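Visitor: Before we start, here is the structure in question, set down as structure tokens.
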Amino acid sequence: MKKILHDPQYSDKILQMTADTMLLFNHEGICLDMVIHANQGIFKKKKSLIGENFFNLLSEDTRKPFKEDFDKVIKDKSVSTKNYELSFGSETYYFKCIMYPFEEDMVLCQYRDITKRTKIKLQLEKANNELREVEKAARICQWNYNFKTRIFNYRGFTGAMARGDKLQAISIENYLELVFRDDRPGFIKWIDSIPNKTNTETFEYRILWKKEVFFLRMGLINGGLTDRNEQTIEGYCQNITDIIKLDESLENVTKAINYASEDIFAFRPDGTLIFANEQFRIHYLLTNEPDLSVININDLLVNKDLKKRWMNIRGEFAHINDIVRYVEKAPFTHLKDVLAFDFFSYIIRDSEGEDIIWTFGRDISEQMRYDAQIKEVNQIMNTVLENIPLAISVKDTGNGFRYIYRNSVTYASMKSTNVVGNTDFDIHPDDSAITFRNEDLGILKNGIPLIYNKEVSDNKGRTYIIHKQKFLAENGSRAPLIISLESDITKIKKMEEELVMAKEKAEKSDMLKSAFLANMSHEIRTPLNAIVGFSRVIADTQNANDRMEYYKIVEANNSRLLQLINEILDLSRIESGIMEFTEEPINLHVMCQEVFDAHRFRCSENVRLIFEDSDPDLWIYSDKNRLIQVFSNLIGNALKFTAEGSIRFGYKLKDEFIECYVKDTGIGFPENKAKNVFERFAKLNTTAQGTGLGLSICKSIIEKLGGTIEAKSELGKGAEFTFTHPYISPIENDKSSPEEEETSTKDNGLQLSDKKNHTILVAEDNDSNFKLLNVMIGKMFTLLHAHDGIEAITMFEEYKPSLILMDIKMPNMDGLDATRVIREVSPKVPIIALSAFVYNDDVKEALNCGCNEFIPKPVSLEVLTATLKKYL
């Protein structure tokens with residue numbers, strides 16, 4: 001047979017009948033010849049490429065790989081078969097090019113247009129990729145099962161076994177091992193029912209794959225016969241584990257919502273309820289209503305304001321994602337214990353585009369009660385912190401040491417009272433602020449509290465001594481706080497100083513008391529020695545003149561001993577704070593004259609006592625006895641230290657004070673000792689007689705009377721004591737009273753010798769004291785002796801005495817009770833109280849119970865005889 005295809009005369013015809021375009025290029029890519037069988041791409045616009053460089057007609061992305069393959073064909077004399085992309089404007093074409101080496105340095109290209117086929121292929125690839133993505137997203141795989149071989153073939157993306165496009169196979173026996181035991185019978189039954197078309201529904205089951213449980217859903221696509229007449233079925237398998245778990249989660253959420261302690265409900269804008277949990281049904285009494293669609297929120301047992309709000313709440317949402325929160329007080333008309341509800345409402349748009357208003361309601365009654373309690377506690381704490389005498393402040397170290405709290409108490413100078421949110425530099429002067437900041441930095445660095453005392457001044461110039469404490473306080477996970485406490489210890493410091501002074505004074509006083517006791521022993525023994533000694537001498541002396549001289553010595557020592565006891569008693573009254581004063585109108589001149597008369601005979605031959613000229617008409621209100629005591633102590637003190645010269649005393653009016661003075665020409669004392677002379681137990685001259693109490697008592701008396709006292713002296717030049725007394729003038733009518741009183745106390749001319757016929761009852765439990773009275777007045781009166789108050793009452797009723805001398809302290813019944821009983825019988829009989837209790841309260845009590853007079857023990861003969869003259 002003739003080979004037609006190899007016959008040259010048919011070559012051109014065969015070439016025309018082929019589908020490919022033939023191009024001949026030289027080594028530079030210039031087209032030398034061509035046979036066109038394409039009308040796409042380059043050839044759509046150019047019918048001939050002869051003479052043109054083919055490389056320049058290609059796009060950059062296509063030119064580079066095409067030229068590389070072209071050069072390789074020339075170099076290696078090899079054949080290249082590849083597909084290329086060709087873009088023109090918005091159009092993209094694809095061509096297949098087979099390049100052959102052709103003679104020397106030429107390439108024959110067989111160009112075939114594959115645009116349509118390539119686009120179909122790309123579309124198929126795209127669809128396949130999309131299908132794979134859907135399978136991945138839906139977690140689906142494809143499978144087929146051969147009933148004869150009992151083999152499952154599968155590929156896909158369930159995540160359980162099927163994890164890619166690679167086809168895998170497993171026997172049904174092995175697969176059943178993965179299926180949960182409880183699900184195996186159902187799985188086998190589902191598979192076996194497919195050929196009989198008795199079950200085309202999907203089947204859900206569980207498998208255990210790599211120790212993880214998966215829920216799968218098996219579905220059928222089609223069934224048929226293989227080319228070997230074998231029964232097969234195809235289907236899909238979907239991993240529904242997430243769906244099952246989501247359903248379980250939704251079920252749990254539904255249960256949680258249904259049994260939540262809050263009210264959860266949903267309604268349409270028209271008010272129709274579509275959901276309500278159990279708590280809502282209980283609150284609104286809907287537990288027996290199965291169908292909520294017949295309930296409108298207007299039918300609920302709530303107040304009108306809340307119903308109105310729910311019906312109009314859709315308009316409160318500016319955007320679909322907004323949340324509206326509101327609190328309704330006393331929402332229920334049937335639950336009075338519910339104080340308020342806190343509501344949250346938001347909108348969810350359903351699948352049909354309708355807005356559903358979901359609402360959460362929470363009972364905040366307990367919270368409100370708790371908040372009220374907290375508010376009350378905070379108010380109490382704020383009240384306490386604001387009124388406690390302590391400056392309290394708190395700074396935040398994590399916010400520039402700014403104050404977050406400070407109470408109103410302050411002891412320091414401040415530029416501003418606006419504290420919270422500010423620093424020390426905003427509040428205090430710069431120098432103080434710098435000090436405080438350095439303190440804070442030091443505490444923050446080393447954590448050691450700072451404690452010190454400091455004197456500060458506030459804005460009003462008041463000075464305080466403060467005790468300051470600064471320390472760090474933990475603040476949870478935040479920066480620590482610095483707490484400052486400042487307390488006013490001014491009074492405490494002053495008290496400490498006073499205690500130190502008192503301690504020193506007490507120590508000094510203790511030393512002085514020791515010296516005083518030693519001196520007192522000497523001072524008491526001295527007059528007692530004279531009294532005891534001369535009393536025995538008087539008894540043995542027959543000469544009347546000598547006896548009188550000795551008597552005067554005993555009497556002088558008696559006076560000295562009595563003065564000593566009086567000073568000790570005055571000290572006792574001063575120590576106990578019961579020194580009493582009885583003010584009355586006093587003529588100073590008359591009083592000073594009495595002082596002069598009492599002391600002029602005590603002066604030695606070389607010393608003169610001079611009462612200097614003073615205003616004879618000067619009257620004041622004061623305690624006469626106390627003033628006489630002061631003058632007497634000062635004059636007596638001067639007598640002890642003045643051997644020759646004079647002692648002058650007097651007074652003068654200066655403005656609102658009367659200035660009294662006592663000057664002597666004695667030995668004096670050092671000028672630097674002037675302040676010490678008024679201290680208790682102080683004796684500048686230890687050789688002189690005295691207790692060292694007289695001047696201290698004078699100072700206490702004068703200060704009680706509202707005056708002052710001071711001393712001036714030079715050693716060897718005498719001393720001057722000056723004291724002042726406020727000038728208080730009595731009214732004119734009172735001026736005559738003292739004179740009349742003084743006149744009335746004068747001797748009325750009665751002679752005691754004329755009164756022997758008078759009987760005096762002496763109530764005295766001490767026999768020695770009765771014998772003394774008998775010696776003193778027994779020659780002039782008839783004396784009766786009662787040993788106690790009861791005997792005094794009996795003897796008074798029996799003998800009817802002219803006068804009674806009543807001792808106060810006696811056994812069985814004291815003198816006060818006896819006086820009260822006698823006064824019920826006889827209000828006129830004179831009763832004179834005799835007692836060693838000489839305080840003002842004792843005197844007043846005796847006079848109040850009915851005594852006419854009070855004579856202190858030891859009894860003075862002059863006072864006793866004067867009193868008896870007055871009443872007999």
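Naming works like this for the structure tokens: A, B, ... for the chains as they're shown, residue 1 at the start of each chain, ligands 1 onward in shown order.
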Can you tell me which residues surround segment 546-561 of chain A at a distance of at most 7 Å, considering only C-alpha atoms, apart from same-chain residues fewer than 3 positions away, and format the answer as number ranges by chain?

Guide: A: 524, 527, 530-531, 534, 538, 541, 543, 564-565

Visitor: Which parts of segment 231-355 of chain A does DSSP call helix (DSSP H, G or I) when run on the backbone here, written out as an MDAnalysis selection string?

Guide: chainID A and resid 241:258 278:283 292:294 297:299 304:316

Visitor: Of the residues A:Asp105, A:Glu764, A:Glu797, A:Asp247, which is the one nearest to Asp76 of chain A, using only C-alpha atoms?

Guide: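 Among the listed residues, A:Asp105 lies closest to Asp76 of chain A.
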
Visitor: Neighbouring residues of Tyr651 of chain A were defined as those with any atom within 7 Å, considering only C-alpha atoms; residues of the same chain fewer than 5 positions away were excluded. Please report them as a tab-separated table (two decimals) with C-alpha atoms, in the first residue's frame.

Guide:
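Final file, around06.tsv:
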```tsv
chain	number	residue	atom	x	y	z
A	614	SER	CA	-2.29	105.20	157.34
A	658	ILE	CA	-4.41	98.27	148.91
A	659	GLU	CA	-0.69	97.81	149.42
A	660	CYS	CA	0.38	96.59	152.90
A	661	TYR	CA	3.98	96.37	154.07
```
